[in-house]
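In what follows, a structure is listed as C-alpha cells, so that the remarks can point back to it.
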Amino acid sequence: MHDGSGRILVQNLSKNFGPVSAVRDLSFAVHPGVVTGFLGPNGSGKTTTLRMVLGLVNPTSGAATVNGVPFHRLRNPATVVGAVLEAQSFHPSRTARNHLRCYSAAMNVPDQQVDHALDLVGLSNAADRGAGGFSLGMRQRLALATALLGDPQVLILDEPANGLDPEGIAWLRGFLKSFAASGRTVLVSSHLLREMEHTVDHVVIVSRGQCVYNGDLDQLRAQQRSRVLVQAGDPTALVNGLQAAGLAVELVPDGRIAVTGSDSRSVAELALQAGVAVYGMQEEQVDLERLFFQLTSGQYVGGRFPPSGGPQPPGPGGWGPPGGGANPYEQHGGFGGGA
Ligand SMILES: Nc1ncnc2c1ncn2[C@@H]1O[C@H](COP(=O)(O)OP(=O)(O)O)[C@@H](O)[C@H]1O
Ligand SMILES: [Mg+2]
C-alpha cells in the first residue's frame, strides 16, 4: 500500500568515519514522477548517503526520511522502497526464480510477483538457470528484480550502470524512465554524468560529501549555454547591432565577439543588417561532462581529473539513442495505478 507521497528528504545529513568526513551537511529532496540522478566522482559520499537513507548507516548528524519517516519506521519497507546498493551475491547453484522466491517468502509477497519481477527485468527466459552462470549484466537485472519484488513506490539504485554493456544501459534507461513516469520515485547514483545524461531529469551533484548542484539537468545545460564566436570586420558596429537585438555579447581576448543565446544563422543575419563583414563564425557546444568535472574538481586538488586509473567515460560509439530499449512497464502494463 502506497501513501501517495514517495518523497525522499535528506536534511543536513553528515557522516564522519573517524577523520574522514564522507558526507557534509547534505540536503536535498527526491520527488516522485521524475528520475533523480545522484552524481559525483568516486569517494564523494554517494553510497554513504544512500546507506543512511536506507537506515544502514547512522548519520553523525542530520536526518533522512522516506514518506516523512526514517527508514526504520516504515511499516512495510519492502513495499515502499526497493534498493540495489552494490552487486549482490547470489547462491551460485540457485536459479534466478528460486533466488527471488527466497526473498518473496521473507517479504511475504505473493509468489506470482516473482514471475512478474523476472518479466519486468527481462529475465523470464533465464528464470530456471543458475544465477552463478549469469553475466554481470544479468546479475544486475536479478538484483533489480529482487528490489522490485515488493512492488515498491521508491527505487534506489547505487551505480546500476556499472558493468552494463551499452544495450543494458539503454534498457536500464527506458526502465527507469517508465518507472518514474508511472508516478514513482527513482534515485539513481553514478560517477559518470554521461552515463545518466539521457536518463535523469533532476540531478544532485556532490563533491567531497557536499552538494555542488541541485536542480534540473536542463537548467544546468542552460547555465552552460552555447556561444557563437564571430570574427567581424567592424566589431564595434556588430556589437551594437547584436545588443540592439537584445543579445548578450562579450569580447574574447583573441578579438572575436562571443554571442550567447543565439545561433550562427541569426548572428549572420544581424551582421548583414548591420552591414558588417563576417570573416568567420564558430558555434561552441555545451559540454556537460566538462561542467561536471569543473563542479566536482575540488575533490582531486593537485591531481588529475578524472583520476588516473579510475573508470573512463565510455567512447562515443557506445551511447546511441535508446531506440532498442524495451520499456517493460509499457509492455506489461507494469506498475500503473500505484495501489
Ligand atoms: N565504512 C567506512 N569506513 C571508513 N570510511 C568509509 C566507509 N565508507 C565510506 N568511507 C569513506 O567515505 C568516503 C565516501 O565514500 P562513498 O560514500 O563510498 O563514496 P562514493 O559512493 O561516492 O564513491 C570515502 O572517502 C570512503 O573511503
Ligand atoms: Mg559508491
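Every chain in the C-alpha cells takes a letter, A first, then B, and so on in the order presented; its residues are numbered from 1, and the ligands are numbered from 1 following the presented order.
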Which of range 59-288 of chain A counts as alpha helix (DSSP H) under DSSP, as an NGL selection string please? :A and (77-80 or 96-107 or 112-120 or 136-148 or 166-181 or 193-196 or 217-223 or 235-244 or 264-274 or 288)
Expected file: the selected residues, C-alpha atoms, as a PDB file, in the first residue's frame:
```
ATOM      1  CA  PRO A  77       9.678  -1.191   3.972  1.00  0.00           C
ATOM      2  CA  ALA A  78       9.946  -3.645   1.044  1.00  0.00           C
ATOM      3  CA  THR A  79       6.684  -2.326  -0.388  1.00  0.00           C
ATOM      4  CA  VAL A  80       7.832   1.262  -0.028  1.00  0.00           C
ATOM      5  CA  ALA A  96      17.030 -16.907 -10.578  1.00  0.00           C
ATOM      6  CA  ARG A  97      13.444 -17.891  -9.818  1.00  0.00           C
ATOM      7  CA  ASN A  98      14.381 -19.679  -6.608  1.00  0.00           C
ATOM      8  CA  HIS A  99      16.578 -16.800  -5.532  1.00  0.00           C
ATOM      9  CA  LEU A 100      13.583 -14.489  -5.838  1.00  0.00           C
ATOM     10  CA  ARG A 101      11.291 -16.995  -4.109  1.00  0.00           C
ATOM     11  CA  CYS A 102      13.521 -16.908  -1.037  1.00  0.00           C
ATOM     12  CA  TYR A 103      13.064 -13.158  -0.903  1.00  0.00           C
ATOM     13  CA  SER A 104       9.367 -13.141  -1.712  1.00  0.00           C
ATOM     14  CA  ALA A 105       8.770 -15.594   1.123  1.00  0.00           C
ATOM     15  CA  ALA A 106      10.751 -13.421   3.533  1.00  0.00           C
ATOM     16  CA  MET A 107       8.902 -10.319   2.355  1.00  0.00           C
ATOM     17  CA  GLN A 112       3.317 -14.551  -8.747  1.00  0.00           C
ATOM     18  CA  GLN A 113       5.252 -11.379  -8.030  1.00  0.00           C
ATOM     19  CA  VAL A 114       8.425 -13.428  -8.688  1.00  0.00           C
ATOM     20  CA  ASP A 115       7.494 -14.074 -12.304  1.00  0.00           C
ATOM     21  CA  HIS A 116       6.292 -10.522 -12.711  1.00  0.00           C
ATOM     22  CA  ALA A 117       9.633  -9.173 -11.446  1.00  0.00           C
ATOM     23  CA  LEU A 118      11.576 -11.542 -13.744  1.00  0.00           C
ATOM     24  CA  ASP A 119       9.442 -10.361 -16.622  1.00  0.00           C
ATOM     25  CA  LEU A 120       9.992  -6.700 -15.789  1.00  0.00           C
ATOM     26  CA  LEU A 136      27.397  -9.137 -14.711  1.00  0.00           C
ATOM     27  CA  GLY A 137      24.549  -7.504 -16.611  1.00  0.00           C
ATOM     28  CA  MET A 138      22.212 -10.396 -15.769  1.00  0.00           C
ATOM     29  CA  ARG A 139      23.239 -10.206 -12.118  1.00  0.00           C
ATOM     30  CA  GLN A 140      22.355  -6.518 -12.139  1.00  0.00           C
ATOM     31  CA  ARG A 141      18.965  -7.375 -13.575  1.00  0.00           C
ATOM     32  CA  LEU A 142      18.406 -10.065 -10.976  1.00  0.00           C
ATOM     33  CA  ALA A 143      19.333  -7.636  -8.206  1.00  0.00           C
ATOM     34  CA  LEU A 144      16.864  -5.181  -9.680  1.00  0.00           C
ATOM     35  CA  ALA A 145      14.190  -7.891  -9.814  1.00  0.00           C
ATOM     36  CA  THR A 146      14.805  -8.518  -6.110  1.00  0.00           C
ATOM     37  CA  ALA A 147      14.283  -4.837  -5.386  1.00  0.00           C
ATOM     38  CA  LEU A 148      11.053  -4.870  -7.397  1.00  0.00           C
ATOM     39  CA  PRO A 166      25.543  -0.254 -23.978  1.00  0.00           C
ATOM     40  CA  GLU A 167      22.449  -2.314 -24.694  1.00  0.00           C
ATOM     41  CA  GLY A 168      21.977  -2.955 -20.971  1.00  0.00           C
ATOM     42  CA  ILE A 169      22.333   0.746 -20.238  1.00  0.00           C
ATOM     43  CA  ALA A 170      19.800   1.641 -22.927  1.00  0.00           C
ATOM     44  CA  TRP A 171      17.429  -0.888 -21.422  1.00  0.00           C
ATOM     45  CA  LEU A 172      18.003   0.463 -17.901  1.00  0.00           C
ATOM     46  CA  ARG A 173      17.370   3.993 -19.137  1.00  0.00           C
ATOM     47  CA  GLY A 174      13.977   3.022 -20.578  1.00  0.00           C
ATOM     48  CA  PHE A 175      13.127   1.061 -17.476  1.00  0.00           C
ATOM     49  CA  LEU A 176      13.884   3.885 -15.033  1.00  0.00           C
ATOM     50  CA  LYS A 177      12.057   6.458 -17.124  1.00  0.00           C
ATOM     51  CA  SER A 178       8.926   4.341 -17.324  1.00  0.00           C
ATOM     52  CA  PHE A 179       9.104   3.512 -13.620  1.00  0.00           C
ATOM     53  CA  ALA A 180       9.205   7.226 -12.836  1.00  0.00           C
ATOM     54  CA  ALA A 181       6.541   8.002 -15.432  1.00  0.00           C
ATOM     55  CA  LEU A 193      27.308  12.152 -15.771  1.00  0.00           C
ATOM     56  CA  ARG A 194      27.407  10.978 -19.367  1.00  0.00           C
ATOM     57  CA  GLU A 195      26.026   7.606 -18.336  1.00  0.00           C
ATOM     58  CA  MET A 196      22.973   9.258 -16.807  1.00  0.00           C
ATOM     59  CA  LEU A 217      19.598  18.916 -15.764  1.00  0.00           C
ATOM     60  CA  ASP A 218      18.083  21.217 -18.381  1.00  0.00           C
ATOM     61  CA  GLN A 219      18.796  24.211 -16.175  1.00  0.00           C
ATOM     62  CA  LEU A 220      22.367  23.050 -15.770  1.00  0.00           C
ATOM     63  CA  ARG A 221      22.632  22.821 -19.547  1.00  0.00           C
ATOM     64  CA  ALA A 222      21.115  26.288 -19.888  1.00  0.00           C
ATOM     65  CA  GLN A 223      23.690  27.704 -17.476  1.00  0.00           C
ATOM     66  CA  PRO A 235      33.492  44.533 -34.164  1.00  0.00           C
ATOM     67  CA  THR A 236      32.090  47.697 -32.607  1.00  0.00           C
ATOM     68  CA  ALA A 237      29.347  48.006 -35.215  1.00  0.00           C
ATOM     69  CA  LEU A 238      28.463  44.335 -34.860  1.00  0.00           C
ATOM     70  CA  VAL A 239      28.373  44.545 -31.039  1.00  0.00           C
ATOM     71  CA  ASN A 240      25.981  47.490 -31.333  1.00  0.00           C
ATOM     72  CA  GLY A 241      23.771  45.613 -33.784  1.00  0.00           C
ATOM     73  CA  LEU A 242      23.705  42.453 -31.635  1.00  0.00           C
ATOM     74  CA  GLN A 243      22.983  44.390 -28.453  1.00  0.00           C
ATOM     75  CA  ALA A 244      20.200  46.286 -30.180  1.00  0.00           C
ATOM     76  CA  SER A 264      25.150  31.292 -36.201  1.00  0.00           C
ATOM     77  CA  ARG A 265      22.328  31.817 -38.672  1.00  0.00           C
ATOM     78  CA  SER A 266      20.692  34.573 -36.575  1.00  0.00           C
ATOM     79  CA  VAL A 267      24.052  36.196 -35.894  1.00  0.00           C
ATOM     80  CA  ALA A 268      24.872  36.174 -39.626  1.00  0.00           C
ATOM     81  CA  GLU A 269      21.533  37.833 -40.417  1.00  0.00           C
ATOM     82  CA  LEU A 270      22.108  40.523 -37.783  1.00  0.00           C
ATOM     83  CA  ALA A 271      25.595  41.136 -39.176  1.00  0.00           C
ATOM     84  CA  LEU A 272      24.116  41.541 -42.639  1.00  0.00           C
ATOM     85  CA  GLN A 273      21.550  44.038 -41.313  1.00  0.00           C
ATOM     86  CA  ALA A 274      24.359  45.959 -39.594  1.00  0.00           C
ATOM     87  CA  LEU A 288      28.021  18.909 -19.818  1.00  0.00           C
TER      88      LEU A 288
END
```
Quick one: everything within 10 Å of range 5-11 of chain A, counting only C-alpha atoms, minus sequence neighbours fewer than 6 positions away in the same chain. Send it as a ChimeraX atom specification. /A:25-33,49-50,52-53,61-71,80-81,152-155,183-187
Taking only C-alpha atoms and all ligand atoms and a cut-off of 9 Å, can you tell me which residues surround ligand 1, written as a PyMOL selection string? chain A and resi 15-23+39-51+57+158-159+189-191+206-209
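One finds CA of Pro110 in chain A at 21.7 Å from CA of Ser182 in chain A.
Put simply, CA of Asn108 in chain A is 8.7 Å away from CA of Gly150 in chain A.
Rounded to one decimal, CA of Ala161 in chain A and CA of Gly122 in chain A lie 15.8 Å from each other.
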